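Data from query-v1.txt: compact mmCIF, C-alpha atoms
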```txt
# COMPACT_ATOMS: atom_id res chain seq x y z
CA MET C 219 0.00 0.00 0.00
CA LYS C 220 1.41 3.38 -1.04
CA VAL C 221 0.26 6.08 1.37
CA LEU C 222 0.61 9.81 0.88
CA GLY C 223 1.17 11.60 4.20
CA ILE C 224 0.37 15.29 4.78
CA GLU C 225 1.45 17.26 7.86
CA THR C 226 0.24 20.86 8.43
CA SER C 227 -0.28 21.10 12.19
CA CYS C 228 1.81 24.23 12.76
CA ASP C 229 4.61 25.93 10.83
CA GLU C 230 6.02 23.11 8.69
CA THR C 231 4.41 21.77 5.54
CA GLY C 232 5.39 18.11 5.27
CA VAL C 233 4.60 15.57 2.55
CA ALA C 234 5.81 11.98 2.17
CA VAL C 235 5.07 8.68 0.49
CA TYR C 236 5.39 5.47 2.50
CA ASP C 237 5.16 2.06 0.81
CA THR C 238 4.12 -0.77 3.15
CA ALA C 239 5.23 -3.34 0.58
CA ILE C 240 8.82 -2.38 1.36
CA GLY C 241 8.55 -1.66 5.09
CA GLY C 242 10.91 -0.16 7.66
CA ALA C 243 13.31 2.56 6.63
CA GLY C 244 13.16 1.32 3.03
CA GLY C 245 9.44 1.95 2.87
CA LEU C 246 9.90 5.72 2.84
CA ARG C 247 9.85 6.44 -0.88
CA ALA C 248 10.25 10.23 -0.62
CA HIS C 249 9.60 13.06 1.81
CA ALA C 250 9.94 16.83 1.82
CA VAL C 251 9.42 19.56 4.40
CA TYR C 252 8.96 23.28 3.88
CA SER C 253 9.68 25.34 7.00
CA GLN C 254 8.02 28.69 7.69
CA ILE C 255 10.81 29.90 10.00
CA ALA C 256 11.68 32.87 7.81
CA LEU C 257 8.00 33.87 7.60
CA HIS C 258 7.48 33.96 11.38
CA ALA C 259 10.94 35.20 12.42
CA GLU C 260 9.84 38.84 12.13
CA TYR C 261 7.20 38.24 14.81
CA GLY C 262 9.30 36.09 17.15
CA GLY C 263 6.80 33.22 17.01
CA VAL C 264 4.19 31.48 14.91
CA VAL C 265 1.31 33.64 13.63
CA PRO C 266 -1.57 31.16 13.03
CA GLU C 267 -3.23 33.02 10.15
CA LEU C 268 0.05 33.43 8.29
CA ALA C 269 0.84 29.75 8.88
CA SER C 270 -2.48 28.66 7.36
CA ARG C 271 -2.06 30.87 4.30
CA ASP C 272 1.46 29.57 3.69
CA HIS C 273 0.25 25.96 3.86
CA VAL C 274 -2.28 26.84 1.15
CA ARG C 275 0.51 28.19 -1.05
CA LYS C 276 3.03 25.42 -0.49
CA LEU C 277 1.10 22.18 -0.01
CA LEU C 278 0.09 21.22 -3.55
CA PRO C 279 3.51 22.08 -5.08
CA LEU C 280 5.11 19.99 -2.32
CA VAL C 281 2.78 17.06 -3.10
CA ARG C 282 3.78 17.21 -6.77
CA GLN C 283 7.48 17.46 -5.84
CA THR C 284 7.33 14.50 -3.46
CA LEU C 285 5.47 12.27 -5.92
CA ALA C 286 8.02 13.11 -8.61
CA GLU C 287 10.90 12.23 -6.26
CA ALA C 288 9.17 8.93 -5.47
CA GLY C 289 8.83 8.20 -9.19
CA MET C 290 5.05 8.05 -8.85
CA ASP C 291 1.97 9.51 -10.44
CA VAL C 292 -0.89 10.71 -8.26
CA ARG C 293 -2.94 7.74 -9.51
CA ASP C 294 -0.43 5.36 -7.89
CA ILE C 295 -1.55 6.43 -4.40
CA ASP C 296 -3.50 3.75 -2.50
CA GLY C 297 -4.39 5.87 0.54
CA VAL C 298 -4.00 9.31 2.10
CA ALA C 299 -3.10 10.16 5.70
CA TYR C 300 -3.17 13.63 7.19
CA THR C 301 -2.64 15.27 10.56
CA ALA C 302 -6.08 15.77 12.13
CA GLY C 303 -4.76 17.16 15.42
CA PRO C 304 -3.59 18.42 17.76
CA GLY C 305 -2.45 21.68 16.24
CA LEU C 306 -3.58 25.06 14.91
CA VAL C 307 -7.12 24.67 13.62
CA GLY C 308 -6.62 26.72 10.44
CA ALA C 309 -3.42 24.92 9.54
CA LEU C 310 -4.99 21.53 10.22
CA LEU C 311 -7.95 22.35 7.98
CA VAL C 312 -5.67 23.10 5.03
CA GLY C 313 -4.05 19.67 5.17
CA ALA C 314 -7.31 17.88 5.94
CA GLY C 315 -9.13 19.58 3.07
CA VAL C 316 -6.45 18.71 0.53
CA ALA C 317 -6.12 15.13 1.81
CA ARG C 318 -9.85 14.42 1.79
CA SER C 319 -10.24 16.00 -1.66
CA LEU C 320 -7.43 13.86 -3.08
CA ALA C 321 -8.85 10.70 -1.52
CA TRP C 322 -12.34 11.45 -2.86
CA ALA C 323 -11.07 12.20 -6.37
CA LEU C 324 -8.86 9.09 -6.44
CA GLU C 325 -11.48 6.88 -4.75
CA VAL C 326 -8.97 5.71 -2.13
CA PRO C 327 -9.32 5.59 1.68
CA ALA C 328 -8.11 8.41 3.90
CA ILE C 329 -7.50 8.70 7.61
CA GLY C 330 -6.80 11.48 10.09
CA VAL C 331 -3.68 10.83 12.16
CA HIS C 332 -2.90 12.03 15.68
CA HIS C 333 0.17 14.25 15.41
CA MET C 334 1.81 12.87 18.56
CA GLU C 335 1.17 9.25 17.55
CA GLY C 336 3.05 10.12 14.37
CA HIS C 337 6.01 11.30 16.43
CA LEU C 338 5.79 8.28 18.73
CA LEU C 339 5.87 5.82 15.82
CA ALA C 340 8.61 7.60 13.83
CA PRO C 341 11.45 5.51 15.37
CA LEU C 342 9.70 2.37 14.10
CA MET C 343 10.60 3.41 10.56
CA GLU C 344 14.29 2.97 11.34
CA ASP C 345 16.29 -0.26 11.03
CA ASP C 346 15.74 -2.75 13.88
CA PRO C 347 12.63 -1.03 15.25
CA PRO C 348 11.61 -1.59 18.88
CA GLU C 349 8.71 -3.88 19.72
CA PRO C 350 6.07 -2.90 22.30
CA PRO C 351 5.83 -2.75 25.20
CA PHE C 352 8.08 0.27 25.69
CA VAL C 353 8.05 3.74 27.24
CA ALA C 354 7.97 6.78 24.95
CA LEU C 355 9.25 10.26 25.78
CA LEU C 356 7.42 12.72 23.52
CA VAL C 357 9.30 15.97 23.80
CA SER C 358 8.69 18.94 21.54
CA GLY C 359 7.75 22.61 21.52
CA GLY C 360 4.19 21.86 22.51
CA HIS C 361 4.38 18.56 24.39
CA THR C 362 6.44 16.84 27.06
CA GLN C 363 4.89 13.49 27.93
CA LEU C 364 5.88 10.05 29.13
CA VAL C 365 3.67 7.37 27.62
CA ALA C 366 3.51 3.62 28.25
CA VAL C 367 3.05 1.88 24.90
CA ASP C 368 1.45 -1.51 25.54
CA ALA C 369 0.80 -2.01 21.82
CA ILE C 370 0.64 0.22 18.78
CA GLY C 371 -2.51 2.25 19.34
CA SER C 372 -2.73 1.36 23.05
CA TYR C 373 -1.27 4.20 25.10
CA ARG C 374 -1.26 5.14 28.79
CA LEU C 375 -0.15 8.58 29.93
CA LEU C 376 2.40 8.25 32.74
CA GLY C 377 3.34 11.89 33.16
CA GLU C 378 3.29 15.25 31.41
CA THR C 379 4.36 18.84 31.85
CA LEU C 380 2.27 21.00 34.15
CA ASP C 381 3.26 24.20 32.34
CA ASP C 382 5.82 24.84 29.61
CA ALA C 383 6.90 21.95 27.43
CA ALA C 384 10.66 21.40 27.23
CA GLY C 385 10.91 22.81 23.71
CA GLU C 386 8.80 25.79 24.68
CA ALA C 387 11.11 26.42 27.66
CA PHE C 388 14.10 26.32 25.29
CA ASP C 389 12.49 28.85 22.95
CA LYS C 390 11.34 31.23 25.70
CA THR C 391 14.70 31.09 27.50
CA ALA C 392 16.53 31.81 24.27
CA LYS C 393 14.27 34.79 23.61
CA MET C 394 14.93 36.15 27.12
CA MET C 395 18.64 35.99 26.38
CA GLY C 396 18.31 37.81 23.08
CA LEU C 397 18.82 34.86 20.74
CA PRO C 398 17.10 34.97 17.34
CA TYR C 399 14.02 32.94 16.42
CA PRO C 400 13.70 29.96 16.52
CA GLY C 401 15.48 30.06 19.84
CA GLY C 402 15.70 26.40 20.84
CA PRO C 403 18.33 25.30 18.30
CA GLN C 404 20.20 28.58 18.80
CA LEU C 405 20.37 28.03 22.55
CA ALA C 406 21.56 24.43 22.13
CA ALA C 407 24.32 25.57 19.78
CA LEU C 408 25.37 28.27 22.25
CA ALA C 409 25.32 25.77 25.14
CA ALA C 410 27.92 23.65 23.33
CA GLN C 411 30.37 26.53 23.88
CA GLY C 412 29.57 26.91 27.58
CA THR C 413 31.41 25.56 30.62
CA PRO C 414 29.60 22.72 32.41
CA GLY C 415 28.84 23.61 36.04
CA ALA C 416 29.51 27.33 35.69
CA PHE C 417 25.80 27.85 36.42
CA ALA C 418 23.98 25.13 38.35
CA PHE C 419 20.22 25.32 38.01
CA PRO C 420 17.69 23.08 39.80
CA ARG C 421 16.32 19.90 38.26
CA PRO C 422 12.61 20.69 38.74
CA MET C 423 10.30 18.17 40.39
CA THR C 424 12.98 15.48 40.67
CA ASN C 425 13.13 15.68 44.48
CA ARG C 426 9.58 14.36 44.78
CA PRO C 427 7.89 11.20 43.48
CA GLY C 428 5.92 11.21 40.26
CA LEU C 429 6.47 11.50 36.54
CA ASP C 430 5.16 14.99 35.79
CA PHE C 431 7.36 17.85 34.61
CA SER C 432 7.52 21.60 35.22
CA PHE C 433 9.91 23.97 33.47
CA SER C 434 8.46 27.41 34.24
CA GLY C 435 10.42 27.79 37.48
CA LEU C 436 13.66 26.80 35.77
CA LYS C 437 12.99 29.45 33.15
CA THR C 438 12.62 32.04 35.93
CA GLN C 439 15.90 30.94 37.53
CA VAL C 440 17.68 31.43 34.21
CA LEU C 441 16.12 34.88 33.79
CA LEU C 442 17.37 35.96 37.23
CA ALA C 443 20.86 34.63 36.48
CA TRP C 444 20.91 36.45 33.14
CA GLN C 445 19.71 39.74 34.61
CA GLY C 446 22.34 39.57 37.36
CA SER C 447 25.22 38.65 35.06
CA ASP C 448 27.68 40.74 33.06
CA ARG C 449 25.85 39.54 29.88
CA SER C 450 29.07 38.76 28.07
CA GLU C 451 29.09 36.15 25.33
CA ALA C 452 31.01 33.74 27.56
CA THR C 453 28.49 34.17 30.37
CA ARG C 454 25.58 33.73 27.99
CA ALA C 455 27.10 30.46 26.78
CA ASP C 456 27.64 29.28 30.37
CA ILE C 457 24.02 30.08 31.31
CA ALA C 458 22.77 28.31 28.18
CA ARG C 459 24.84 25.26 29.13
CA GLY C 460 23.50 25.29 32.68
CA PHE C 461 19.92 25.50 31.41
CA GLU C 462 20.37 22.71 28.86
CA ASP C 463 22.03 20.43 31.43
CA ALA C 464 19.14 21.01 33.85
CA VAL C 465 16.52 20.14 31.22
CA VAL C 466 18.43 17.08 29.98
CA ASP C 467 19.04 15.75 33.50
CA THR C 468 15.39 16.27 34.43
CA LEU C 469 14.16 14.41 31.36
CA ALA C 470 16.62 11.58 31.97
CA ILE C 471 15.67 11.18 35.63
CA LYS C 472 11.97 11.01 34.78
CA CYS C 473 12.61 8.55 31.95
CA ALA C 474 14.44 6.20 34.32
CA ARG C 475 11.53 6.39 36.76
CA ALA C 476 9.03 5.72 33.97
CA LEU C 477 10.94 2.65 32.81
CA ASP C 478 10.97 1.33 36.38
CA ALA C 479 7.25 2.03 36.78
CA ALA C 480 6.39 0.31 33.49
CA GLY C 481 8.72 -2.61 34.13
CA CYS C 482 10.48 -2.44 30.78
CA ASP C 483 13.93 -1.53 29.51
CA THR C 484 13.19 0.07 26.10
CA LEU C 485 12.78 3.81 25.73
CA VAL C 486 11.62 5.56 22.55
CA VAL C 487 12.31 9.30 22.20
CA ALA C 488 10.51 11.42 19.61
CA GLY C 489 9.67 15.05 18.90
CA GLY C 490 11.77 18.07 18.00
CA VAL C 491 13.80 18.13 21.24
CA GLY C 492 14.69 14.49 20.53
CA ALA C 493 17.26 15.85 18.07
CA ASN C 494 19.17 17.56 20.91
CA ARG C 495 22.66 16.07 21.03
CA GLN C 496 23.12 16.35 24.79
CA LEU C 497 19.81 14.61 25.42
CA ARG C 498 20.67 11.80 23.03
CA ALA C 499 24.09 11.28 24.61
CA LYS C 500 22.68 11.29 28.15
CA LEU C 501 19.89 8.81 27.40
CA GLN C 502 22.22 6.53 25.46
CA ALA C 503 24.65 6.46 28.40
CA ASP C 504 21.79 5.73 30.79
CA ALA C 505 20.56 2.90 28.56
CA ARG C 506 24.00 1.29 28.57
CA ARG C 507 24.13 1.43 32.37
CA ARG C 508 20.71 -0.21 32.58
CA ALA C 509 21.59 -2.78 29.92
CA GLY C 510 18.53 -1.45 28.11
CA ARG C 511 17.84 0.27 24.83
CA VAL C 512 16.92 3.77 23.66
CA CYS C 513 15.60 4.42 20.15
CA PHE C 514 15.45 7.71 18.26
CA PRO C 515 14.26 8.63 14.77
CA ARG C 516 16.87 10.16 12.51
CA PRO C 517 17.19 13.92 13.24
CA ALA C 518 15.29 14.87 10.06
CA LEU C 519 12.27 12.95 11.36
CA CYS C 520 12.33 14.47 14.86
CA THR C 521 10.73 17.74 13.81
CA ASP C 522 7.28 17.83 12.20
CA ASN C 523 7.25 15.90 8.91
CA GLY C 524 4.98 14.05 6.52
CA ALA C 525 6.89 10.76 6.80
CA MET C 526 5.66 10.04 10.32
CA ILE C 527 2.08 10.81 9.25
CA ALA C 528 2.32 8.57 6.19
CA PHE C 529 3.71 5.72 8.31
CA ALA C 530 1.20 6.03 11.15
CA GLY C 531 -1.63 6.38 8.65
CA ALA C 532 -0.45 3.35 6.68
CA LEU C 533 -0.56 1.18 9.81
CA ARG C 534 -4.15 2.18 10.51
CA LEU C 535 -5.31 2.00 6.90
CA GLU C 536 -3.88 -1.52 6.59
CA ALA C 537 -5.79 -2.43 9.75
CA GLY C 538 -8.97 -1.38 7.96
CA GLN C 539 -9.46 1.91 9.77
CA GLN C 540 -10.90 4.72 7.66
CA ALA C 541 -13.91 7.01 7.65
CA ASP C 542 -16.22 9.00 5.42
CA ALA C 543 -15.26 11.92 3.21
CA ALA C 544 -16.07 14.64 5.76
CA VAL C 545 -13.21 16.94 6.82
CA HIS C 546 -12.46 16.32 10.51
CA VAL C 547 -9.83 18.09 12.62
CA THR C 548 -9.24 18.19 16.38
CA PRO C 549 -7.05 21.05 17.68
CA ARG C 550 -7.04 19.40 21.14
CA TRP C 551 -6.99 15.60 21.08
CA ASP C 552 -6.15 13.12 23.83
CA MET C 553 -3.97 10.35 22.40
CA ALA C 554 -5.32 7.88 24.97
CA SER C 555 -8.68 8.07 23.15
CA LEU C 556 -7.23 6.42 20.04
CA PRO C 557 -8.42 2.89 19.28
CA PRO C 558 -5.83 0.09 19.10
CA LEU C 559 -4.96 -1.22 15.65
CA ALA C 560 -6.80 -4.47 16.36
CA THR C 561 -10.09 -2.56 16.68
CA ALA C 562 -10.83 -2.00 13.02
CA ALA C 563 -14.56 -2.72 13.29
CA GLY C 564 -16.76 0.37 13.16
CA PHE C 565 -14.45 2.47 11.00
CA GLY C 566 -16.19 3.96 8.02
CA ASN C 567 -19.57 4.34 9.69
CA GLY C 568 -18.77 7.46 11.71
CA ASP C 569 -19.08 5.62 15.05
CA SER C 570 -15.41 4.96 15.81
CA GLY C 571 -13.52 6.61 18.63
CA LEU C 572 -11.00 7.99 16.15
CA GLU C 573 -13.53 9.81 14.00
CA ASN C 574 -15.73 10.95 16.86
CA ALA C 575 -12.68 12.51 18.52
CA ALA C 576 -11.76 14.19 15.25
CA THR C 577 -15.06 16.02 14.86
CA ARG C 578 -14.63 18.15 17.99
```

Structure encoded using structure tokens:
Amino acid sequence: MKVLGIETSCDETGVAVYDTAIGGAGGLRAHAVYSQIALHAEYGGVVPELASRDHVRKLLPLVRQTLAEAGMDVRDIDGVAYTAGPGLVGALLVGAGVARSLAWALEVPAIGVHHMEGHLLAPLMEDDPPEPPFVALLVSGGHTQLVAVDAIGSYRLLGETLDDAAGEAFDKTAKMMGLPYPGGPQLAALAAQGTPGAFAFPRPMTNRPGLDFSFSGLKTQVLLAWQGSDRSEATRADIARGFEDAVVDTLAIKCARALDAAGCDTLVVAGGVGANRQLRAKLQADARRRAGRVCFPRPALCTDNGAMIAFAGALRLEAGQQADAAVHVTPRWDMASLPPLATAAGFGNGDSGLENAATR
């Protein structure tokens, strides 16, 4: 089955083709991402209306480009998957409208995919993919969650952030320190030049039981340190390093607790912050000490992309899950409400949990 994947949840337009006949990393026939960073840089953050309009401009040309790179004609598509949520409602509607229109015209099935399930499953496209059960750390600009994956489609939330997500804390801290948009990658690059231990910030919520996160207080501590410093480039790098180390250590401590709580030794890490080099190194070292395993998608598939949507959609389409031609999006969508892959019955009649969730 050749599935076209469309991702338009925020400020990246992503398109990909995944072929289930090949499978694994080889099943990704082609993928392309257009980033709106330059568009939103002037405003220091994503402007939803501008994001939606840019998806309208870029999506169809990107579909044509991706099909050409895959050596395919549009009539070769066997199914269409699109991000139905969570995300910006206007941006989601652009992708959903195009996807449903293509599926209707081609008379092929289509399915709305949960954005975070796409991230969670992205490492399964790599060579030697992990088998459930495992624990997933979903860490991005909008989400920081620990999820127990009992089976594909069967998820239990173990812990989540009570305020800022880790990626959001990176971006806001970078902005406080005068770094250009997008701040997260800029701050990580600056931290690589800093001296470890020059600034020691707290590891929030690690001195108490539980698997929830909180990064707002850490952000305040960094602001106070920055305001009281000489604001030299060296000091800025040292503060950035102290902040990054605090976030990485906090995530690692909570991941170890989650693995213990779930009784497994495999950790999957996905989302934009999953590309952070310090986080990868720390979690890999921890996995070696535990004689366990940690799995990441390749860095290009950590940020929002169409490949993860095509893959997640292909799994559900092959399980017989699809729905009618109506355009459904869900800006806020609990991943625990998704049906497991084994529950294909009821799809197509509008009564499934997936489609009911996607109409709100």

When distances are computed from all atoms listed in the file, which of C:Arg498, C:Ile329, C:Leu222, C:Glu349 shows the smallest separation from C:Ala288?
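Ranking C:Arg498, C:Ile329, C:Leu222, C:Glu349 by distance to C:Ala288, first place goes to C:Leu222.
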
Who sits within 8 Å of C:Ala387, all atoms listed in the file, same chain under 6 positions skipped, as a list in words:
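After dropping sequence-adjacent residues, the list is Gly359, Phe433, Ser434 and Lys437 of chain C.
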
Of C:Ala458, C:Gly396, C:Leu375, C:Leu355, the one sitting nearest C:Ile471 when using only C-alpha atoms is C:Leu355

Please provide as a ChimeraX atom specification all residues within 12 Å of C:Glu451, with the sequence filter that same-chain residues fewer than 5 positions apart are discarded (counting only C-alpha atoms).
/C:395-397,408-409,411-412,444,456-458

Stretch 311-323 of chain C environment, 10 Å, all atoms listed in the file, sequence neighbours closer than 2 positions dropped, as a ChimeraX atom specification
/C:222-227,231-233,270-274,277-278,292-293,295-303,305-309,325-330,542-549

Leaving out C:Thr362 and any residue of its chain fewer than 3 positions from it, which residues lie within 8 Å of it when counting all atoms listed in the file, given as a compact mmCIF listing (two decimals) with C-alpha atoms, keeping the file's coordinate frame?
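Result saved to out.txt:
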```
# COMPACT_ATOMS: atom_id res chain seq x y z
CA LEU C 355 9.25 10.26 25.78
CA LEU C 356 7.42 12.72 23.52
CA VAL C 357 9.30 15.97 23.80
CA SER C 358 8.69 18.94 21.54
CA GLU C 378 3.29 15.25 31.41
CA THR C 379 4.36 18.84 31.85
CA ALA C 383 6.90 21.95 27.43
CA ALA C 384 10.66 21.40 27.23
CA PHE C 431 7.36 17.85 34.61
```
